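Asker: I have a structure I would like to understand better, so I am pasting it below and will then ask my questions one at a time.
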Amino acid sequence: MGDKFGEVDFNVPASKRQGLAFKGEIRATIKLRLPDFPNLFATVEEELHITVRKFFTETTNKSATIIGNHEFNDFDNLVDSLLTGDGRPAARASRSLYEHLVNYCEVASSPKAAERYLEHSAVTADLLGNITHGSRYLRGVTQKRERNRLAKLKRDALPRLRRDLRTSGR
């Protein structure tokens, strides 16, 4: 590994350099010191996936199901970020997991909060309908289908969004 920073001594572990490291070094450290770590994490993640899907499909609280799905996806992102040494995405995913836990506890303990969470799904649909920047990488029929799907998502959410904005005052 080259010393692209000039002043950083990569012979000194990152923990002794006030956290100065780069992804390649972190990946190499994991591979060298914890060679079974990726396989172990994959096994844990697979078992957790089964447990989460079973738990969240058996609940009658649709809000909890949605939050559980988001939580599992963010956990998957956290694991990927940890295994590749991506510190900032790992920190963001970790914070998201905490936020999901707070939201889950709220909707699990309060039917009114669960209902309010579902009422805001139109806002999410409207926001998703605006995310078209990735469609420029698609071509032909695939691009047209994706644009139509997003437009329909946004169009279908509009009446609910307007109603929710009137009732909540935001």
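As shown in the structure tokens, the chain order sets the letters A, B, ...; within each chain, residues go from 1, and ligands are also counted from 1 in the order they appear.
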Out of chain A, which residues get alpha helix (DSSP H) from DSSP, as a PyMOL selection string?

Answerer: chain A and resi 23-33+37-58+62-84+87-109+111-119+121-129+140-168

Asker: Leaving out A:Glu45 and any residue of its chain fewer than 5 positions from it, which residues lie within 12 Å of it when counting only C-alpha atoms, given as a list in words?

Answerer: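 Selected residues are Phe37, Pro38, Asn39, Leu40, Ile50, Thr51, Val52, Arg53, Phe72, Asn73, Asp74, Phe75, Asp76, Asn77, Leu78, Val79 and Asp80 of chain A.
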
Asker: Identify, on the basis of only C-alpha atoms, every residue whose closest approach to A:Lys62 does not exceed 8 Å; exclude the query and any residue fewer than 3 positions from it along the same chain; express the result as a list in words.

Answerer: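 The neighbour list is Thr59, Thr65, Ile66, Ala114 and Leu118 of chain A.
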
Asker: Atoms to include: C-alpha atoms. Write the selected residues as a PDB file, in the first residue's frame.

Answerer:
```pdb
ATOM      1  CA  THR A  59     -47.637  -8.727  13.047  1.00  0.00           C
ATOM      2  CA  THR A  65     -44.012  -4.062   9.353  1.00  0.00           C
ATOM      3  CA  ILE A  66     -42.912  -1.119   7.205  1.00  0.00           C
ATOM      4  CA  ALA A 114     -49.283   3.648  14.036  1.00  0.00           C
ATOM      5  CA  LEU A 118     -49.441   5.165   7.740  1.00  0.00           C
TER       6      LEU A 118
END
```

Asker: If we count only C-alpha atoms, what is near A:Lys23 at a cut-off of 8 Å, once residues fewer than 4 positions away on the same chain are taken out, given as an mmCIF file with N, CA, C and O atoms, in the first residue's frame?

Answerer:
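Output below, filename selection12.cif:
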```cif
data_model
loop_
_atom_site.group_PDB
_atom_site.id
_atom_site.type_symbol
_atom_site.label_atom_id
_atom_site.label_comp_id
_atom_site.auth_asym_id
_atom_site.auth_seq_id
_atom_site.Cartn_x
_atom_site.Cartn_y
_atom_site.Cartn_z
ATOM 1 N N ARG A 27 -10.093 -2.796 4.883
ATOM 2 C CA ARG A 27 -10.423 -4.104 4.300
ATOM 3 C C ARG A 27 -9.294 -5.095 4.522
ATOM 4 O O ARG A 27 -9.511 -6.254 4.873
ATOM 5 N N THR A 84 -16.622 -3.303 4.130
ATOM 6 C CA THR A 84 -15.804 -2.621 3.128
ATOM 7 C C THR A 84 -15.040 -1.439 3.706
ATOM 8 O O THR A 84 -14.321 -0.760 2.987
ATOM 9 N N GLY A 85 -15.207 -1.193 4.999
ATOM 10 C CA GLY A 85 -14.454 -0.113 5.635
ATOM 11 C C GLY A 85 -14.999 1.269 5.344
ATOM 12 O O GLY A 85 -14.270 2.243 5.440
ATOM 13 N N ASP A 86 -16.263 1.371 4.993
ATOM 14 C CA ASP A 86 -16.885 2.670 4.720
ATOM 15 C C ASP A 86 -17.456 3.241 6.014
ATOM 16 O O ASP A 86 -18.597 2.957 6.385
#
```

Asker: Could you list, as a list in words, every residue within 12 Å of stretch 110-112 of chain A, counting only C-alpha atoms and ignoring same-chain residues fewer than 3 positions away?

Answerer: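 Here the qualifying residues turn out to be Thr60, Asn61, Lys62, Ser63, Ala64, Asn103, Tyr104, Cys105, Glu106, Val107, Glu115, Arg116, Tyr117, Leu118 and Glu119 of chain A.
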
Asker: Output all heavy atoms of each residue in that selection to a file, as a short mmCIF file (atom, residue, chain, number, x, y, z; two decimals), in the first residue's frame.

Answerer:
```cif
data_model
loop_
_atom_site.label_atom_id
_atom_site.label_comp_id
_atom_site.auth_asym_id
_atom_site.auth_seq_id
_atom_site.Cartn_x
_atom_site.Cartn_y
_atom_site.Cartn_z
N THR A 60 -49.81 -7.68 12.99
CA THR A 60 -50.96 -7.04 12.35
C THR A 60 -50.77 -5.53 12.26
O THR A 60 -51.57 -4.84 11.65
CB THR A 60 -52.25 -7.33 13.13
OG1 THR A 60 -52.09 -6.89 14.48
CG2 THR A 60 -52.57 -8.82 13.10
N ASN A 61 -49.70 -5.04 12.83
CA ASN A 61 -49.41 -3.61 12.82
C ASN A 61 -48.62 -3.29 11.55
O ASN A 61 -47.42 -3.51 11.46
CB ASN A 61 -48.60 -3.25 14.08
CG ASN A 61 -48.37 -1.77 14.23
OD1 ASN A 61 -48.30 -1.03 13.25
ND2 ASN A 61 -48.22 -1.34 15.47
N LYS A 62 -49.33 -2.75 10.53
CA LYS A 62 -48.69 -2.49 9.24
C LYS A 62 -47.54 -1.47 9.38
O LYS A 62 -46.53 -1.59 8.70
CB LYS A 62 -49.73 -2.01 8.24
CG LYS A 62 -49.18 -1.86 6.84
CD LYS A 62 -50.29 -1.64 5.84
CE LYS A 62 -49.76 -1.20 4.53
NZ LYS A 62 -49.33 -2.12 3.61
N SER A 63 -47.68 -0.51 10.25
CA SER A 63 -46.62 0.48 10.48
C SER A 63 -45.36 -0.21 10.98
O SER A 63 -44.26 0.08 10.50
CB SER A 63 -47.06 1.53 11.51
OG SER A 63 -48.16 2.24 11.05
N ALA A 64 -45.52 -1.13 11.91
CA ALA A 64 -44.38 -1.86 12.44
C ALA A 64 -43.73 -2.70 11.34
O ALA A 64 -42.50 -2.82 11.28
CB ALA A 64 -44.81 -2.75 13.60
N ASN A 103 -38.97 4.74 16.29
CA ASN A 103 -40.25 4.75 15.57
C ASN A 103 -41.02 3.45 15.81
O ASN A 103 -42.23 3.47 16.01
CB ASN A 103 -40.03 4.94 14.06
CG ASN A 103 -39.65 6.35 13.72
OD1 ASN A 103 -40.04 7.30 14.39
ND2 ASN A 103 -38.87 6.51 12.66
N TYR A 104 -40.31 2.33 15.79
CA TYR A 104 -40.96 1.05 16.01
C TYR A 104 -41.61 1.00 17.40
O TYR A 104 -42.76 0.59 17.54
CB TYR A 104 -39.96 -0.10 15.86
CG TYR A 104 -40.61 -1.44 16.10
CD1 TYR A 104 -41.32 -2.07 15.10
CD2 TYR A 104 -40.54 -2.05 17.35
CE1 TYR A 104 -41.96 -3.28 15.33
CE2 TYR A 104 -41.16 -3.26 17.60
CZ TYR A 104 -41.86 -3.87 16.58
OH TYR A 104 -42.49 -5.06 16.82
N CYS A 105 -40.87 1.42 18.40
CA CYS A 105 -41.41 1.42 19.77
C CYS A 105 -42.65 2.31 19.86
O CYS A 105 -43.62 1.96 20.53
CB CYS A 105 -40.36 1.87 20.77
SG CYS A 105 -39.05 0.65 21.02
N GLU A 106 -42.62 3.43 19.17
CA GLU A 106 -43.77 4.34 19.20
C GLU A 106 -44.99 3.71 18.53
O GLU A 106 -46.09 3.70 19.11
CB GLU A 106 -43.44 5.67 18.52
CG GLU A 106 -44.59 6.65 18.58
CD GLU A 106 -44.29 7.98 17.92
OE1 GLU A 106 -43.28 8.10 17.22
OE2 GLU A 106 -45.11 8.89 18.10
N VAL A 107 -44.83 3.16 17.33
CA VAL A 107 -46.00 2.60 16.63
C VAL A 107 -46.47 1.29 17.26
O VAL A 107 -47.64 0.94 17.15
CB VAL A 107 -45.77 2.43 15.11
CG1 VAL A 107 -45.41 3.76 14.47
CG2 VAL A 107 -44.75 1.37 14.80
N GLU A 115 -51.33 4.66 13.20
CA GLU A 115 -52.22 5.21 12.18
C GLU A 115 -51.61 6.46 11.55
O GLU A 115 -51.63 6.63 10.33
CB GLU A 115 -53.57 5.54 12.82
CG GLU A 115 -54.62 5.99 11.84
CD GLU A 115 -55.93 6.28 12.53
OE1 GLU A 115 -56.34 5.49 13.41
OE2 GLU A 115 -56.55 7.31 12.21
N ARG A 116 -51.05 7.32 12.38
CA ARG A 116 -50.41 8.56 11.89
C ARG A 116 -49.24 8.21 10.96
O ARG A 116 -49.04 8.86 9.94
CB ARG A 116 -49.96 9.43 13.06
CG ARG A 116 -49.44 10.79 12.62
CD ARG A 116 -49.08 11.69 13.79
NE ARG A 116 -48.00 11.13 14.56
CZ ARG A 116 -48.08 10.78 15.84
NH1 ARG A 116 -49.20 10.93 16.50
NH2 ARG A 116 -47.03 10.28 16.47
N TYR A 117 -48.47 7.18 11.32
CA TYR A 117 -47.33 6.76 10.48
C TYR A 117 -47.83 6.37 9.09
O TYR A 117 -47.25 6.76 8.08
CB TYR A 117 -46.60 5.61 11.15
CG TYR A 117 -45.32 5.22 10.45
CD1 TYR A 117 -44.12 5.84 10.77
CD2 TYR A 117 -45.31 4.25 9.46
CE1 TYR A 117 -42.95 5.49 10.13
CE2 TYR A 117 -44.14 3.90 8.80
CZ TYR A 117 -42.97 4.52 9.14
OH TYR A 117 -41.81 4.18 8.49
N LEU A 118 -48.90 5.59 9.03
CA LEU A 118 -49.44 5.17 7.74
C LEU A 118 -50.02 6.33 6.95
O LEU A 118 -49.95 6.35 5.72
CB LEU A 118 -50.52 4.09 7.94
CG LEU A 118 -50.01 2.73 8.38
CD1 LEU A 118 -51.18 1.79 8.61
CD2 LEU A 118 -49.03 2.15 7.37
N GLU A 119 -50.59 7.29 7.65
CA GLU A 119 -51.17 8.45 6.97
C GLU A 119 -50.11 9.24 6.21
O GLU A 119 -50.41 9.90 5.23
CB GLU A 119 -51.88 9.37 7.97
CG GLU A 119 -53.19 8.81 8.48
CD GLU A 119 -53.79 9.65 9.59
OE1 GLU A 119 -53.17 10.67 9.99
OE2 GLU A 119 -54.87 9.29 10.06
#
```

Asker: Pick from A:Leu158, A:Leu97, A:Val44, A:Ala108: nearest to A:Leu127, with only C-alpha atoms counted?

Answerer: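 Smallest separation from A:Leu127 among the options: A:Leu158.
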
Asker: Which polymer residues have any atom within 8 Å of an atom of A:Gly129, counting only C-alpha atoms, with same-chain residues fewer than 3 positions away left out, as a short mmCIF file (atom, residue, chain, number, x, y, z; two decimals) with C-alpha atoms, in the first residue's frame?

Answerer:
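Output saved as out10.cif:
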```cif
data_model
loop_
_atom_site.label_atom_id
_atom_site.label_comp_id
_atom_site.auth_asym_id
_atom_site.auth_seq_id
_atom_site.Cartn_x
_atom_site.Cartn_y
_atom_site.Cartn_z
CA ALA A 125 -44.74 8.13 -2.30
CA ASP A 126 -44.59 11.75 -3.50
CA THR A 132 -35.74 10.27 -11.35
CA LEU A 150 -42.61 6.95 -10.87
CA ALA A 151 -45.17 9.27 -12.47
CA LYS A 152 -47.99 6.88 -11.52
CA LEU A 153 -46.66 6.59 -7.96
CA LYS A 154 -46.64 10.37 -7.65
#
```

Asker: Can you pull out the residues contacting A:Gly87? Cut-off 10 Å, using only C-alpha atoms, and skip same-chain residues under 2 positions away; I want them as an mmCIF file with N, CA and C atoms, in the first residue's frame.

Answerer:
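Output (out-v6.cif):
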```cif
data_model
loop_
_atom_site.group_PDB
_atom_site.id
_atom_site.type_symbol
_atom_site.label_atom_id
_atom_site.label_comp_id
_atom_site.auth_asym_id
_atom_site.auth_seq_id
_atom_site.Cartn_x
_atom_site.Cartn_y
_atom_site.Cartn_z
ATOM 1 N N ALA A 21 -7.266 6.612 8.253
ATOM 2 C CA ALA A 21 -7.186 5.334 7.556
ATOM 3 C C ALA A 21 -7.916 5.473 6.232
ATOM 4 N N PHE A 22 -7.788 4.500 5.388
ATOM 5 C CA PHE A 22 -8.556 4.491 4.160
ATOM 6 C C PHE A 22 -9.138 3.101 3.965
ATOM 7 N N LYS A 23 -10.141 3.013 3.109
ATOM 8 C CA LYS A 23 -10.905 1.774 2.966
ATOM 9 C C LYS A 23 -10.028 0.564 2.672
ATOM 10 N N ILE A 26 -8.485 -0.684 5.812
ATOM 11 C CA ILE A 26 -9.458 -1.304 6.697
ATOM 12 C C ILE A 26 -9.840 -2.686 6.192
ATOM 13 N N LEU A 78 -25.488 -1.382 6.844
ATOM 14 C CA LEU A 78 -24.476 -1.266 7.896
ATOM 15 C C LEU A 78 -23.437 -2.376 7.763
ATOM 16 N N SER A 81 -21.233 -1.780 4.782
ATOM 17 C CA SER A 81 -20.295 -0.681 5.051
ATOM 18 C C SER A 81 -19.179 -1.112 5.989
ATOM 19 N N LEU A 82 -19.508 -1.907 6.990
ATOM 20 C CA LEU A 82 -18.484 -2.389 7.918
ATOM 21 C C LEU A 82 -17.483 -3.292 7.206
ATOM 22 N N LEU A 83 -17.989 -4.169 6.358
ATOM 23 C CA LEU A 83 -17.098 -5.116 5.682
ATOM 24 C C LEU A 83 -16.206 -4.458 4.644
ATOM 25 N N THR A 84 -16.622 -3.303 4.130
ATOM 26 C CA THR A 84 -15.804 -2.621 3.128
ATOM 27 C C THR A 84 -15.040 -1.439 3.706
ATOM 28 N N GLY A 85 -15.207 -1.193 4.999
ATOM 29 C CA GLY A 85 -14.454 -0.113 5.635
ATOM 30 C C GLY A 85 -14.999 1.269 5.344
ATOM 31 N N PRO A 89 -20.806 5.917 5.758
ATOM 32 C CA PRO A 89 -22.077 5.217 5.527
ATOM 33 C C PRO A 89 -22.449 4.290 6.687
ATOM 34 N N ALA A 90 -21.465 3.688 7.326
ATOM 35 C CA ALA A 90 -21.749 2.822 8.476
ATOM 36 C C ALA A 90 -22.340 3.641 9.618
ATOM 37 N N ALA A 91 -21.794 4.816 9.856
ATOM 38 C CA ALA A 91 -22.315 5.682 10.924
ATOM 39 C C ALA A 91 -23.744 6.122 10.609
ATOM 40 N N ARG A 92 -24.016 6.469 9.337
ATOM 41 C CA ARG A 92 -25.368 6.872 8.961
ATOM 42 C C ARG A 92 -26.350 5.711 9.129
ATOM 43 N N ALA A 93 -25.948 4.525 8.699
ATOM 44 C CA ALA A 93 -26.822 3.353 8.833
ATOM 45 C C ALA A 93 -27.073 3.053 10.309
#
```

Asker: A:Glu71, A:Asp164, A:Glu46, A:Lys31: which is nearest A:Ser94, counting only C-alpha atoms?

Answerer: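 For A:Ser94, the nearest of the given residues is A:Glu71.
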
Asker: Suppose you want the space between atom CA of A:Ile67 and atom CA of A:His100; what is it in Å?

Answerer: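 Atom-to-atom, atom CA of A:Ile67 to atom CA of A:His100, that is 6.3 Å.
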
Asker: Calculate how many Å separate atom CA of A:Ser135 from atom CA of A:Pro159, rounding to one decimal.

Answerer: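 Those two atoms sit 25.1 Å apart.
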